[in-house]
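K.L.:
The following block contains the structure, expressed as structure tokens.
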Amino acid sequence: MVRIDFNRLRFLIIDDNAHMRRILRTLLHGFGTREVYEAEDGAAGLEGFTHYSPDIVITDWAMPIFDGLELTQMIRQPGANTNPYVPIIMLTGHSEKKRVISARDAGVTEFLAKPISAKGLYQRVLNVVANPRPFIRTKSYFGPDRRRNANPNYAGPERRKGGKADVIKQQPLLDKAKTTA
Amino acid sequence: MSEADSTMSDKKASLAAVSTFADHEVILPPNKLKKAVRKVHDTDVEFDPVAKAEAALAELSEDFSAWMGEECDRLDAARHAMRAGGINQGTRDTLFLAAHDIKGQASTFGFPLVAPVADSLCRLIEHTPDMSRLPLALIDQHVDAVRAIVTRNTRGDSDANAARLAQKLRTVTDEFLAYENRDRPDHLEAILSPAIAPG
């Protein structure tokens with residue numbers, strides 16, 4: 001059995017609603033987390049992301065001006081920040097199929113529909129920590145692999161093309177910038 | 001391990017492994033969160049983080065009635081602002097965000113029958129294609145219903161009147177949306193399909 005040491009994780013909560021931030025903070029402290037940072041909109045969230053380098057981001061979707069989806073797209077821009085791979089858990093009242101797909105396509109790692117529960121949040125954190133997914137980069141997408149499972153009954157065409165290539169160790173962009181500066 | 005070996009090993013750990021294919025790359029980022037994974041025996045139940053978090057939330061719940069009241073006031077103010085200032089992007093968004101927050105929080109605060117009313121109001125605001133046609137009377141009915149359920153302190157999900165009220169508002173809203181979106185069959189199908197979000 002796997003257990004998470006929450007006291008070794010740093011969280012950033014981004015939600016414009018103070019009540020929801022308090023609830024999230026309470027749950028995370030209950031799990032054993034010590035480091036929880038908060039931001040009340042997407043812009044402050046992006047600043048907090050750069051400043052605090054959180055291990056996991058939990059963001060609301062619906063926020064004024066700069067929402068959680070836009071924030072995710074900003075974080076997932078390769079080269080734009082130190083950690084485009086950071087797990088992003090989107091906690092939202094939006095539950096329609098179209099919304100879930102939009103969040104997935106923006107690069108969200110896990111989707112958690114409100115109302116929030118301790119169990120639901122714990123499972124999402126456990127998933128991103130214990131079962132990290134590879135990232136996929138295409139012309140139009142950069143984010144966690146959207147194929148969670150291999151479906152043996154899938155009968156459609158294979159949309160990903162190309163044979164297996166060599167595995168290349170790639171220098172992180174930040175290190176590259178440091179060495180070329 | 002020497003310092004040089006250790007530095008080399010740290011460097012290796014920070015590299016992403018990239019497999020390149022014809023039209024995509026598969027990247028295995030360095031697993032920085034591995035530090036937090038601990039293997040324990042199935043019998044090791046000395047600490048249940050979910051139970052601990054639930055207990056912490058239960059302690060906080062003393063404040064939930066007051067918080068629900070504050071969210072209702074916010075929704076009410078947004079409704080009045082729309083009536084006073086007219087329907088525009090600003091008043092529409094403010095009303096939507098207030099309703100959306102209630103939709104997501106009402107069950108946590110102990111008012112699960114408020115959530116479907118707020119959900120219905122969100123759908124009305126979000127899926128009316130021409131916002132100038134938003135029916136203020138139907139908006140009022142939603143806001144008043146939220147207020148009534150909270151004021152009567154209707155907790156839990158067993159109050160038949162509150163459930164009937166929520167259902168009726170949803171039915172009227174869906175009929176209105178079906179008419180307003182009659183020329184957008186794809187959109188209509190999408191908004192009338194069931195939710196799939198995992199909770």
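In the structure tokens, the first chain shown is A, the next is B, and so on; residue numbers restart at 1 for each chain, and ligands run from 1 in the order shown.
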Taking only C-alpha atoms into account, what are the residues of chain B at most 6 Å from chain A, put as a ChimeraX atom specification?

P.N.:
/B:15-28,33,36-42,49-50,52-53,56,104-105,195-199

K.L.:
Once you have the residues from the selection above, write them out as an mmCIF file, in the first residue's frame, restricted to N, CA and C atoms.

P.N.:
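Here's the written file again-v8.cif:
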data_model
loop_
_atom_site.group_PDB
_atom_site.id
_atom_site.type_symbol
_atom_site.label_atom_id
_atom_site.label_comp_id
_atom_site.auth_asym_id
_atom_site.auth_seq_id
_atom_site.Cartn_x
_atom_site.Cartn_y
_atom_site.Cartn_z
ATOM 1 N N LEU B 15 16.748 15.406 -15.443
ATOM 2 C CA LEU B 15 16.560 15.377 -16.888
ATOM 3 C C LEU B 15 15.261 14.678 -17.262
ATOM 4 N N ALA B 16 14.600 15.222 -18.274
ATOM 5 C CA ALA B 16 13.397 14.568 -18.774
ATOM 6 C C ALA B 16 13.802 13.602 -19.881
ATOM 7 N N ALA B 17 13.243 12.390 -19.876
ATOM 8 C CA ALA B 17 13.515 11.429 -20.952
ATOM 9 C C ALA B 17 12.493 11.657 -22.052
ATOM 10 N N VAL B 18 12.990 11.870 -23.267
ATOM 11 C CA VAL B 18 12.086 12.199 -24.363
ATOM 12 C C VAL B 18 12.161 11.128 -25.448
ATOM 13 N N SER B 19 11.014 10.556 -25.826
ATOM 14 C CA SER B 19 10.948 9.641 -26.967
ATOM 15 C C SER B 19 10.285 10.393 -28.109
ATOM 16 N N THR B 20 10.961 10.450 -29.238
ATOM 17 C CA THR B 20 10.444 11.236 -30.348
ATOM 18 C C THR B 20 9.809 10.338 -31.403
ATOM 19 N N PHE B 21 8.606 10.672 -31.805
ATOM 20 C CA PHE B 21 7.888 9.939 -32.852
ATOM 21 C C PHE B 21 7.612 10.906 -34.006
ATOM 22 N N ALA B 22 6.954 10.385 -35.040
ATOM 23 C CA ALA B 22 6.760 11.212 -36.236
ATOM 24 C C ALA B 22 5.987 12.497 -35.945
ATOM 25 N N ASP B 23 4.941 12.398 -35.160
ATOM 26 C CA ASP B 23 4.132 13.597 -34.952
ATOM 27 C C ASP B 23 3.945 13.961 -33.489
ATOM 28 N N HIS B 24 4.697 13.310 -32.621
ATOM 29 C CA HIS B 24 4.582 13.671 -31.201
ATOM 30 C C HIS B 24 5.810 13.212 -30.416
ATOM 31 N N GLU B 25 5.941 13.771 -29.245
ATOM 32 C CA GLU B 25 6.996 13.346 -28.326
ATOM 33 C C GLU B 25 6.354 12.850 -27.051
ATOM 34 N N VAL B 26 6.957 11.813 -26.484
ATOM 35 C CA VAL B 26 6.520 11.340 -25.170
ATOM 36 C C VAL B 26 7.624 11.699 -24.183
ATOM 37 N N ILE B 27 7.256 12.464 -23.193
ATOM 38 C CA ILE B 27 8.247 12.991 -22.249
ATOM 39 C C ILE B 27 8.005 12.399 -20.865
ATOM 40 N N LEU B 28 9.051 11.867 -20.283
ATOM 41 C CA LEU B 28 8.952 11.399 -18.892
ATOM 42 C C LEU B 28 9.654 12.429 -18.020
ATOM 43 N N LEU B 33 8.093 14.380 -7.125
ATOM 44 C CA LEU B 33 7.190 14.109 -5.998
ATOM 45 C C LEU B 33 7.412 12.722 -5.381
ATOM 46 N N ALA B 36 7.644 12.057 -1.689
ATOM 47 C CA ALA B 36 6.490 12.026 -0.781
ATOM 48 C C ALA B 36 5.783 10.678 -0.759
ATOM 49 N N VAL B 37 6.259 9.721 -1.560
ATOM 50 C CA VAL B 37 5.600 8.407 -1.605
ATOM 51 C C VAL B 37 6.236 7.479 -0.578
ATOM 52 N N ARG B 38 5.402 6.878 0.225
ATOM 53 C CA ARG B 38 5.910 5.972 1.264
ATOM 54 C C ARG B 38 5.128 4.670 1.175
ATOM 55 N N LYS B 39 5.845 3.561 1.144
ATOM 56 C CA LYS B 39 5.158 2.264 1.107
ATOM 57 C C LYS B 39 4.911 1.803 2.547
ATOM 58 N N VAL B 40 3.688 1.379 2.809
ATOM 59 C CA VAL B 40 3.362 0.893 4.158
ATOM 60 C C VAL B 40 2.633 -0.443 4.030
ATOM 61 N N HIS B 41 2.582 -1.186 5.120
ATOM 62 C CA HIS B 41 1.842 -2.450 5.119
ATOM 63 C C HIS B 41 0.347 -2.171 5.161
ATOM 64 N N ASP B 42 -0.436 -3.094 4.586
ATOM 65 C CA ASP B 42 -1.895 -2.942 4.588
ATOM 66 C C ASP B 42 -2.451 -2.810 6.002
ATOM 67 N N PRO B 49 -5.413 9.747 6.775
ATOM 68 C CA PRO B 49 -5.443 11.171 6.410
ATOM 69 C C PRO B 49 -6.840 11.662 6.025
ATOM 70 N N VAL B 50 -7.635 10.787 5.396
ATOM 71 C CA VAL B 50 -8.979 11.222 4.989
ATOM 72 C C VAL B 50 -9.854 11.466 6.219
ATOM 73 N N LYS B 52 -8.828 12.209 9.168
ATOM 74 C CA LYS B 52 -8.294 13.390 9.866
ATOM 75 C C LYS B 52 -8.798 14.677 9.194
ATOM 76 N N ALA B 53 -8.795 14.679 7.855
ATOM 77 C CA ALA B 53 -9.254 15.864 7.123
ATOM 78 C C ALA B 53 -10.759 16.065 7.308
ATOM 79 N N ALA B 56 -11.282 17.646 10.589
ATOM 80 C CA ALA B 56 -10.914 19.068 10.561
ATOM 81 C C ALA B 56 -12.036 19.886 9.899
ATOM 82 N N GLY B 104 -21.414 25.056 -6.214
ATOM 83 C CA GLY B 104 -20.297 24.205 -5.784
ATOM 84 C C GLY B 104 -20.182 24.025 -4.286
ATOM 85 N N GLN B 105 -20.730 24.981 -3.512
ATOM 86 C CA GLN B 105 -20.483 24.951 -2.066
ATOM 87 C C GLN B 105 -21.681 24.545 -1.226
ATOM 88 N N ALA B 195 -24.123 15.298 -17.062
ATOM 89 C CA ALA B 195 -22.772 15.664 -16.652
ATOM 90 C C ALA B 195 -21.919 14.404 -16.511
ATOM 91 N N ILE B 196 -20.613 14.558 -16.782
ATOM 92 C CA ILE B 196 -19.730 13.389 -16.669
ATOM 93 C C ILE B 196 -18.590 13.612 -15.687
ATOM 94 N N ALA B 197 -18.588 14.788 -15.053
ATOM 95 C CA ALA B 197 -17.425 15.112 -14.229
ATOM 96 C C ALA B 197 -17.304 14.196 -13.022
ATOM 97 N N PRO B 198 -16.077 13.722 -12.760
ATOM 98 C CA PRO B 198 -15.869 12.874 -11.578
ATOM 99 C C PRO B 198 -15.818 13.689 -10.294
ATOM 100 N N GLY B 199 -16.491 13.211 -9.260
ATOM 101 C CA GLY B 199 -16.485 13.932 -7.984
ATOM 102 C C GLY B 199 -15.493 13.354 -7.015
#

K.L.:
Do you know which residues are at most 6 Å from Ile88 (chain A) counting only C-alpha atoms, after dropping those on the same chain fewer than 2 positions away, and could you put them as a ChimeraX atom specification?

P.N.:
/A:57-58,108-109

K.L.:
Would you write out those residues with C-alpha atoms, as a compact mmCIF listing (two decimals), in the first residue's frame?

P.N.:
# COMPACT_ATOMS: atom_id res chain seq x y z
CA VAL A 57 -1.48 23.40 -8.00
CA ILE A 58 -5.16 23.25 -7.13
CA VAL A 108 -5.15 19.74 -16.54
CA THR A 109 -3.83 16.64 -14.72

K.L.:
Would you please work out which residue, of B:Ala190, B:Ile149, B:Met131, B:Leu169, is nearest to Arg92 (chain B) when using only C-alpha atoms?

P.N.:
B:Met131

K.L.:
Within 12 Å of Lys168 (chain B), counting only C-alpha atoms, which residues show up once you throw out same-chain ones fewer than 4 positions away? Write them as a PyMOL selection string, please.

P.N.:
chain B and resi 116-117+120+138+141-142+145+161-164+172-175

K.L.:
Give me every alpha helix (DSSP H) residue in chain A, going by DSSP on the backbone, as a ChimeraX atom specification.

P.N.:
/A:18-31,42-52,68-75,97-106,118-130,173-180

K.L.:
Can you pull out every residue within 6 Å of region 155-158 of chain B, counting only C-alpha atoms, but drop anything in the same chain fewer than 5 positions away, and send it as an MDAnalysis selection string?

P.N.:
chainID B and resid 110:113

K.L.:
Now that the selection is made, can you save its residues with N, CA and C atoms as a PDB file, in the first residue's frame?

P.N.:
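Output file result.pdb follows:
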ATOM      1  N   GLY B 110     -24.043  22.113   3.852  1.00  0.00           N
ATOM      2  CA  GLY B 110     -25.169  21.409   4.467  1.00  0.00           C
ATOM      3  C   GLY B 110     -26.518  21.701   3.835  1.00  0.00           C
ATOM      4  N   PHE B 111     -26.517  22.341   2.661  1.00  0.00           N
ATOM      5  CA  PHE B 111     -27.771  22.676   1.977  1.00  0.00           C
ATOM      6  C   PHE B 111     -27.785  22.056   0.577  1.00  0.00           C
ATOM      7  N   PRO B 112     -27.821  20.749   0.478  1.00  0.00           N
ATOM      8  CA  PRO B 112     -27.703  20.114  -0.845  1.00  0.00           C
ATOM      9  C   PRO B 112     -28.836  20.479  -1.806  1.00  0.00           C
ATOM     10  N   LEU B 113     -30.009  20.838  -1.275  1.00  0.00           N
ATOM     11  CA  LEU B 113     -31.116  21.155  -2.194  1.00  0.00           C
ATOM     12  C   LEU B 113     -31.000  22.563  -2.785  1.00  0.00           C
TER      13      LEU B 113
END

K.L.:
CA of Leu121 (chain B) to CA of Arg104 (chain A): how many Å, to one decimal?

P.N.:
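A separation of 25.5 Å between them.
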
K.L.:
Could you give me, as a PyMOL selection string, the residues within 8 Å of Ala78 (chain B), counting only C-alpha atoms and dropping anything in the same chain fewer than 6 positions from it?

P.N.:
chain B and resi 91+94-95+98

K.L.:
Give me a file of those residues, with N, CA and C atoms, as a PDB file, in the first residue's frame.

P.N.:
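This is the output file result.pdb:
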ATOM      1  N   THR B  91     -22.730  42.674 -15.239  1.00  0.00           N
ATOM      2  CA  THR B  91     -23.769  42.206 -14.308  1.00  0.00           C
ATOM      3  C   THR B  91     -24.057  40.723 -14.548  1.00  0.00           C
ATOM      4  N   THR B  94     -21.116  38.726 -12.926  1.00  0.00           N
ATOM      5  CA  THR B  94     -21.178  38.778 -11.455  1.00  0.00           C
ATOM      6  C   THR B  94     -22.265  37.839 -10.933  1.00  0.00           C
ATOM      7  N   LEU B  95     -23.411  37.861 -11.602  1.00  0.00           N
ATOM      8  CA  LEU B  95     -24.509  36.976 -11.181  1.00  0.00           C
ATOM      9  C   LEU B  95     -24.121  35.512 -11.396  1.00  0.00           C
ATOM     10  N   ALA B  98     -21.606  34.309  -8.735  1.00  0.00           N
ATOM     11  CA  ALA B  98     -22.254  34.133  -7.420  1.00  0.00           C
ATOM     12  C   ALA B  98     -23.059  32.830  -7.408  1.00  0.00           C
TER      13      ALA B  98
END

K.L.:
Quote the spacing between CA of Ala106 (chain A) and CA of Arg76 (chain A) in Å to one decimal place.

P.N.:
8.0 Å

K.L.:
Using only C-alpha atoms, which of B:Phe109, B:Arg147, B:Pro29, B:Phe96 sits nearest Ala58 (chain B)?

P.N.:
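The answer is B:Phe109, which sits nearest to Ala58 (chain B).
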
K.L.:
Might you pull out every residue within 9 Å of region 70-74 of chain B, with only C-alpha atoms counted and same-chain residues fewer than 3 positions away left off, and present them as an NGL selection string?

P.N.:
:B and (65-67 or 77-79 or 95 or 98-99 or 101-102 or 143 or 146-147 or 150)

K.L.:
Just to confirm, what's the straight-line distance from CA of Asp41 (chain A) to CA of Asp15 (chain A) in Å (one decimal)?

P.N.:
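Pair CA of Asp41 (chain A) / CA of Asp15 (chain A) returns 6.1 Å.
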